[in-house]
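With compact mmCIF, C-alpha atoms inside, this is entry05.txt:
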# COMPACT_ATOMS: atom_id res chain seq x y z
CA MET D 1 27.62 13.90 -15.81
CA ALA D 2 25.21 13.95 -12.86
CA THR D 3 25.93 12.94 -9.28
CA ILE D 4 23.44 10.67 -7.52
CA LYS D 5 23.36 10.38 -3.75
CA ALA D 6 23.81 6.65 -3.35
CA ARG D 7 25.18 3.98 -1.06
CA PRO D 8 27.96 3.31 -0.23
CA PHE D 9 29.01 6.62 -1.85
CA ASP D 10 27.88 8.95 -4.64
CA PHE D 11 27.39 7.52 -8.12
CA ASN D 12 28.47 9.61 -11.12
CA LEU D 13 25.93 9.01 -13.87
CA GLU D 14 26.95 9.41 -17.50
CA ARG D 15 23.54 9.74 -19.16
CA LYS D 16 24.52 8.92 -22.75
CA LYS D 17 26.27 5.72 -21.64
CA THR D 18 23.53 4.47 -19.31
CA ALA D 19 20.80 1.87 -19.83
CA LEU D 20 17.96 0.65 -17.64
CA ILE D 21 17.55 -3.10 -17.10
CA VAL D 22 14.10 -4.09 -15.77
CA ILE D 23 14.33 -7.68 -14.60
CA ASP D 24 11.45 -10.16 -14.91
CA MET D 25 8.43 -8.02 -14.02
CA GLN D 26 6.28 -10.85 -15.34
CA ARG D 27 2.73 -11.87 -14.56
CA ASP D 28 3.87 -15.33 -13.41
CA PHE D 29 5.95 -13.72 -10.66
CA VAL D 30 3.87 -10.67 -9.77
CA GLU D 31 0.20 -11.54 -10.21
CA PRO D 32 -2.02 -13.90 -8.17
CA GLY D 33 -2.22 -17.39 -9.61
CA GLY D 34 1.22 -17.26 -11.17
CA PHE D 35 4.32 -19.33 -10.53
CA GLY D 36 5.47 -17.15 -7.63
CA GLU D 37 2.25 -17.65 -5.72
CA THR D 38 2.21 -21.41 -6.38
CA LEU D 39 5.54 -21.57 -4.55
CA GLY D 40 3.75 -20.18 -1.48
CA ASN D 41 4.87 -16.57 -1.81
CA ASP D 42 3.02 -13.33 -1.07
CA VAL D 43 2.98 -11.63 -4.48
CA THR D 44 1.62 -8.35 -3.08
CA ARG D 45 5.18 -7.48 -2.03
CA LEU D 46 6.23 -7.51 -5.68
CA GLN D 47 3.11 -5.71 -6.85
CA ALA D 48 3.95 -2.84 -4.51
CA ILE D 49 7.02 -1.79 -6.56
CA ILE D 50 5.10 -1.35 -9.82
CA PRO D 51 4.51 2.44 -9.35
CA ALA D 52 8.17 3.17 -8.55
CA THR D 53 9.33 0.98 -11.43
CA ALA D 54 6.91 2.75 -13.78
CA ALA D 55 8.31 6.12 -12.67
CA LEU D 56 11.85 4.92 -13.33
CA ILE D 57 10.92 3.65 -16.81
CA ALA D 58 9.17 6.95 -17.54
CA GLY D 59 12.30 8.86 -16.55
CA PHE D 60 14.43 6.83 -18.94
CA ARG D 61 11.87 7.21 -21.72
CA LYS D 62 11.78 10.98 -21.27
CA ALA D 63 15.58 11.08 -21.39
CA GLY D 64 15.60 8.99 -24.58
CA LEU D 65 17.88 6.34 -23.08
CA THR D 66 18.12 2.60 -23.68
CA ILE D 67 15.62 0.44 -21.80
CA VAL D 68 15.90 -3.35 -21.58
CA HIS D 69 13.14 -5.61 -20.26
CA THR D 70 13.89 -9.24 -19.41
CA ARG D 71 11.60 -12.25 -19.12
CA GLU D 72 12.66 -15.53 -17.54
CA CYS D 73 11.04 -18.16 -19.72
CA HIS D 74 11.71 -21.34 -21.64
CA ARG D 75 11.04 -22.96 -24.97
CA PRO D 76 7.78 -24.92 -25.20
CA ASP D 77 9.74 -28.18 -25.46
CA LEU D 78 11.73 -27.24 -22.31
CA ALA D 79 15.00 -28.05 -24.07
CA ASP D 80 16.59 -25.03 -22.37
CA CYS D 81 15.29 -25.91 -18.87
CA PRO D 82 17.58 -28.38 -17.07
CA PRO D 83 16.00 -30.98 -14.76
CA ALA D 84 17.83 -29.44 -11.79
CA LYS D 85 15.70 -26.31 -12.32
CA LYS D 86 12.40 -27.90 -13.35
CA ASP D 87 12.21 -30.65 -10.74
CA ARG D 88 13.34 -28.90 -7.57
CA GLY D 89 11.13 -28.74 -4.50
CA ASN D 90 7.47 -29.71 -4.30
CA PRO D 91 5.47 -26.82 -5.79
CA LYS D 92 1.81 -27.03 -6.84
CA LEU D 93 2.91 -26.29 -10.40
CA ARG D 94 6.23 -26.74 -12.17
CA ILE D 95 7.77 -24.92 -15.12
CA GLY D 96 5.85 -25.99 -18.22
CA ASP D 97 2.72 -27.10 -16.37
CA PRO D 98 -0.65 -25.58 -17.34
CA GLY D 99 -1.55 -22.70 -15.02
CA PRO D 100 -4.19 -19.96 -14.75
CA MET D 101 -2.23 -17.83 -17.26
CA GLY D 102 -1.05 -20.58 -19.59
CA ARG D 103 1.93 -22.88 -19.23
CA ILE D 104 4.18 -21.70 -16.40
CA LEU D 105 7.22 -19.67 -17.56
CA ILE D 106 6.91 -20.72 -21.20
CA SER D 107 7.77 -18.21 -23.92
CA GLY D 108 4.67 -16.80 -25.58
CA GLU D 109 2.29 -17.70 -22.76
CA PRO D 110 0.34 -14.87 -21.06
CA GLY D 111 1.87 -15.53 -17.64
CA ALA D 112 5.43 -15.25 -18.94
CA ASP D 113 4.75 -11.78 -20.31
CA ILE D 114 5.42 -8.46 -18.59
CA VAL D 115 2.72 -6.88 -16.43
CA PRO D 116 0.58 -4.37 -18.37
CA GLU D 117 1.59 -1.40 -16.19
CA LEU D 118 5.25 -1.79 -17.24
CA TYR D 119 4.80 -3.11 -20.76
CA PRO D 120 7.61 -2.31 -23.21
CA GLN D 121 7.11 0.34 -25.84
CA GLU D 122 8.17 0.02 -29.45
CA GLY D 123 11.94 0.28 -29.76
CA GLU D 124 12.70 -0.99 -26.26
CA ILE D 125 14.73 -4.18 -25.98
CA VAL D 126 13.04 -7.35 -24.71
CA ILE D 127 15.30 -10.26 -23.72
CA ASP D 128 13.98 -13.76 -23.05
CA LYS D 129 16.43 -15.52 -20.77
CA PRO D 130 16.51 -19.18 -19.74
CA GLY D 131 18.62 -18.59 -16.64
CA LYS D 132 18.76 -16.30 -13.64
CA GLY D 133 21.26 -13.90 -15.19
CA ALA D 134 20.31 -11.81 -18.23
CA PHE D 135 23.69 -12.27 -19.91
CA TYR D 136 23.57 -16.07 -19.92
CA ALA D 137 22.55 -17.53 -23.33
CA THR D 138 21.22 -14.15 -24.58
CA PRO D 139 22.48 -11.39 -26.92
CA LEU D 140 22.33 -8.75 -24.16
CA GLY D 141 26.10 -8.18 -23.94
CA ASP D 142 26.44 -7.58 -27.67
CA MET D 143 23.43 -5.26 -27.75
CA LEU D 144 24.80 -3.10 -24.93
CA LYS D 145 28.25 -2.99 -26.52
CA GLU D 146 26.78 -1.83 -29.83
CA ARG D 147 25.13 1.08 -28.02
CA GLY D 148 28.27 2.11 -26.13
CA ILE D 149 26.70 1.41 -22.74
CA THR D 150 29.04 1.40 -19.74
CA GLN D 151 26.60 1.98 -16.85
CA LEU D 152 23.49 0.00 -15.94
CA VAL D 153 20.59 0.91 -13.68
CA PHE D 154 18.65 -2.10 -12.38
CA ALA D 155 15.06 -2.66 -11.29
CA GLY D 156 12.85 -5.72 -11.01
CA VAL D 157 12.52 -9.03 -9.19
CA THR D 158 13.62 -10.77 -7.24
CA THR D 159 16.43 -8.79 -5.67
CA GLU D 160 18.45 -11.72 -4.38
CA VAL D 161 17.99 -14.01 -7.39
CA CYS D 162 17.70 -12.69 -10.95
CA VAL D 163 18.51 -9.05 -10.14
CA GLN D 164 21.59 -9.84 -8.09
CA THR D 165 22.76 -12.51 -10.55
CA THR D 166 22.55 -10.09 -13.48
CA MET D 167 24.29 -7.32 -11.54
CA ARG D 168 27.14 -9.67 -10.71
CA GLU D 169 27.37 -10.76 -14.34
CA ALA D 170 27.46 -7.11 -15.39
CA ASN D 171 30.09 -6.23 -12.80
CA ASP D 172 32.34 -9.01 -14.10
CA ARG D 173 31.94 -7.54 -17.59
CA GLY D 174 33.08 -4.11 -16.46
CA TYR D 175 29.76 -2.26 -16.15
CA GLU D 176 29.12 0.18 -13.32
CA CYS D 177 25.87 -0.98 -11.70
CA LEU D 178 23.27 1.04 -9.80
CA LEU D 179 20.24 -0.63 -8.18
CA ALA D 180 16.99 1.33 -7.77
CA GLU D 181 16.14 0.40 -4.19
CA ASP D 182 12.38 1.01 -4.26
CA ALA D 183 11.98 -0.54 -7.73
CA THR D 184 13.23 -3.97 -6.68
CA GLU D 185 11.75 -6.48 -4.27
CA SER D 186 11.86 -9.99 -2.87
CA TYR D 187 9.21 -12.30 -1.49
CA PHE D 188 11.39 -12.21 1.65
CA PRO D 189 12.30 -8.73 2.97
CA GLU D 190 15.37 -10.03 4.77
CA PHE D 191 16.69 -11.46 1.49
CA LYS D 192 16.38 -8.07 -0.23
CA LYS D 193 18.28 -6.36 2.57
CA ALA D 194 20.99 -9.01 2.61
CA ALA D 195 21.44 -8.88 -1.17
CA ILE D 196 21.79 -5.11 -1.18
CA ASP D 197 24.19 -5.19 1.76
CA MET D 198 26.37 -7.77 -0.01
CA MET D 199 26.45 -5.91 -3.32
CA THR D 200 27.25 -2.51 -1.83
CA ALA D 201 29.81 -3.76 0.71
CA GLN D 202 33.55 -3.17 0.46
CA GLY D 203 33.29 0.01 -1.59
CA ALA D 204 30.48 -1.07 -3.95
CA ILE D 205 32.04 -4.44 -4.70
CA VAL D 206 29.17 -5.22 -7.10
CA GLY D 207 27.39 -1.87 -7.32
CA TRP D 208 25.57 1.05 -5.76
CA VAL D 209 22.00 1.57 -4.57
CA ALA D 210 19.82 4.69 -4.66
CA PRO D 211 16.10 5.59 -4.60
CA VAL D 212 14.15 6.03 -7.82
CA SER D 213 13.55 9.73 -7.12
CA SER D 214 17.28 10.47 -7.06
CA ILE D 215 17.90 8.53 -10.26
CA VAL D 216 15.05 10.21 -12.14
CA GLU D 217 16.22 13.63 -10.96
CA ALA D 218 19.70 12.94 -12.33
CA LEU D 219 18.21 11.95 -15.69
CA SER D 220 16.21 15.15 -16.09

Just give me the structure of the file as C-alpha cells.
Amino acid sequence: MATIKARPFDFNLERKKTALIVIDMQRDFVEPGGFGETLGNDVTRLQAIIPATAALIAGFRKAGLTIVHTRECHRPDLADCPPAKKDRGNPKLRIGDPGPMGRILISGEPGADIVPELYPQEGEIVIDKPGKGAFYATPLGDMLKERGITQLVFAGVTTEVCVQTTMREANDRGYECLLAEDATESYFPEFKKAAIDMMTAQGAIVGWVAPVSSIVEALS
C-alpha cells in the first residue's frame, strides 16, 4: 500500500486493486472542428491536459495495472441517443450530423475516436458508452469485478459532466475514487473547480483529488 498526498486527506492506494479510467479523450471533444468546438467552446483548455494524462497512462502501463479508456458515442442509427440529448440547444452540428471528422459522436467515425497521443495499447479496455456515466449500458462494472478492482483513478473530460458522473456511479458501487487534478479539464474553469469541491467535500463524499506526479510516484 502507498500513501498519496491528496485532498481532503491522504489516499491509501492498493496497487493490485487499482485501475485507471480515462474518460472521453476523443477528437470530437478535444480537437478543433469537433463537437466541442461547434458548441462554442475553447478546445485548447482540453488539449492542455494531454501531456499530464499521457504521463498518468504511462505510469499505469509501467506498473502493469488495468487501464480503461471510454468513448461517448452512439450507434449509426442513433437508436441509443434519446431526443432529449440529440435535440437540445442550437449548436452548429448535432450528434449524428456530418462533421470535419465524420459523423459527430458516432461509433467508428474518426472524430469519436481517442486522440493519437493517448491511444489505447493492445490489452487495454475500451468502453463505448451512450451516456454520461461509464457504467450506464456498458459492461464496465462486470469487467472491473472480474479483475478484483476496488479503487479507481480518474482522468479525462469534462470534469463536471462525464468524469463527475462516472465517479458518482463508481462511488455508489463501492469503489474508492481518486481524481487526477491536472489530467482532467472543463471548457469552463469554474465548473472544474466546483465539481472537484463538491466531490471532495464532507470527507471525500464522492472521492479524493491529487496531482498526477503524486499518483505516478505511488505507482512506482

Selection near Met198 in chain D, 12 Å with only C-alpha atoms, sequence-local residues under 2 positions removed, as a PDB file with C-alpha atoms, in the frame of the given file:
ATOM      1  CA  ARG D   7      25.180   3.980  -1.060  1.00  0.00           C
ATOM      2  CA  PRO D   8      27.960   3.310  -0.230  1.00  0.00           C
ATOM      3  CA  THR D 159      16.430  -8.790  -5.670  1.00  0.00           C
ATOM      4  CA  GLU D 160      18.450 -11.720  -4.380  1.00  0.00           C
ATOM      5  CA  GLN D 164      21.590  -9.840  -8.090  1.00  0.00           C
ATOM      6  CA  MET D 167      24.290  -7.320 -11.540  1.00  0.00           C
ATOM      7  CA  ARG D 168      27.140  -9.670 -10.710  1.00  0.00           C
ATOM      8  CA  PHE D 191      16.690 -11.460   1.490  1.00  0.00           C
ATOM      9  CA  LYS D 192      16.380  -8.070  -0.230  1.00  0.00           C
ATOM     10  CA  LYS D 193      18.280  -6.360   2.570  1.00  0.00           C
ATOM     11  CA  ALA D 194      20.990  -9.010   2.610  1.00  0.00           C
ATOM     12  CA  ALA D 195      21.440  -8.880  -1.170  1.00  0.00           C
ATOM     13  CA  ILE D 196      21.790  -5.110  -1.180  1.00  0.00           C
ATOM     14  CA  THR D 200      27.250  -2.510  -1.830  1.00  0.00           C
ATOM     15  CA  ALA D 201      29.810  -3.760   0.710  1.00  0.00           C
ATOM     16  CA  GLN D 202      33.550  -3.170   0.460  1.00  0.00           C
ATOM     17  CA  GLY D 203      33.290   0.010  -1.590  1.00  0.00           C
ATOM     18  CA  ALA D 204      30.480  -1.070  -3.950  1.00  0.00           C
ATOM     19  CA  ILE D 205      32.040  -4.440  -4.700  1.00  0.00           C
ATOM     20  CA  VAL D 206      29.170  -5.220  -7.100  1.00  0.00           C
ATOM     21  CA  GLY D 207      27.390  -1.870  -7.320  1.00  0.00           C
ATOM     22  CA  TRP D 208      25.570   1.050  -5.760  1.00  0.00           C
ATOM     23  CA  VAL D 209      22.000   1.570  -4.570  1.00  0.00           C
TER      24      VAL D 209
END

- [ ] Within 8 Å of Thr18 in chain D, counting all atoms listed in the file, which residues show up once you throw out same-chain ones fewer than 5 positions away? Write them as a PyMOL selection string, please.
- [x] chain D and resi 13+65-66+149-153

Open item on the list: Set the distance at 7 Å and use only C-alpha atoms: which residues neighbour Val216 in chain D once local chain neighbours fewer than 4 positions away are removed? I'd like the list as a ChimeraX atom specification.
Closed with: /D:56,59,212,220

Open item on the list: I'd like to know which of D:Gln26, D:Asp10, D:Asp197, D:Pro100 is closest to Pro120 in chain D, using only C-alpha atoms.
Closed with: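 Using only C-alpha atoms, Pro120 in chain D sits closest to D:Gln26.
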
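Neighbours of Pro211 in chain D closer than or equal to 10 Å, with only C-alpha atoms counted and sequence neighbours fewer than 6 positions away skipped, come out as D:Ile4, D:Lys5, D:Ala6, D:Arg7, D:Ala52, D:Leu56, D:Leu178, D:Leu179, D:Ala180, D:Glu181, D:Asp182, D:Ala183.
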
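Nearest residue to Ala58 in chain D, choosing from D:Lys132, D:Tyr119, D:Glu176, D:Pro139 and counting only C-alpha atoms: D:Tyr119.
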
Task: Residue nearest Val126 in chain D among D:Thr70, D:Ser213, D:Asn171, D:Asn41 (counting all atoms listed in the file) - done: D:Thr70

Task: Residues within 10 Å of range 76-81 of chain D, all atoms listed in the file, excluding chain neighbours under 6 positions, as a VMD selection string - done: chain D and resid 87 95 to 96 103 105 to 109 129 to 131 137

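The coordinates place CA of Gln47 in chain D at 17.4 Å from CA of Glu72 in chain D.
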
Task: Between CA of Lys92 in chain D and CA of Met25 in chain D - distance in Å to one decimal - done: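 Straight-line distance from CA of Met25 in chain D to CA of Lys92 in chain D works out to 21.4 Å.
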
Open item on the list: Let me make sure I understand: among D:Arg61, D:Arg45, D:His74, D:Arg27, which one has the smallest atom-to-atom distance to Gly111 in chain D if we use all atoms listed in the file?
Closed with: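 Nearest candidate to Gly111 in chain D out of D:Arg61, D:Arg45, D:His74, D:Arg27: D:Arg27.
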
Task: Length of the CA of Val68 in chain D to CA of Ala218 in chain D vector [Å] - done: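 Computing the Euclidean distance for CA of Val68 in chain D and CA of Ala218 in chain D yields 19.1 Å.
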
Task: Counting only C-alpha atoms, the option among D:Phe135, D:Phe154, D:Phe11, D:Tyr187 closest to Leu39 in chain D - done: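 Using only C-alpha atoms, Leu39 in chain D sits closest to D:Tyr187.
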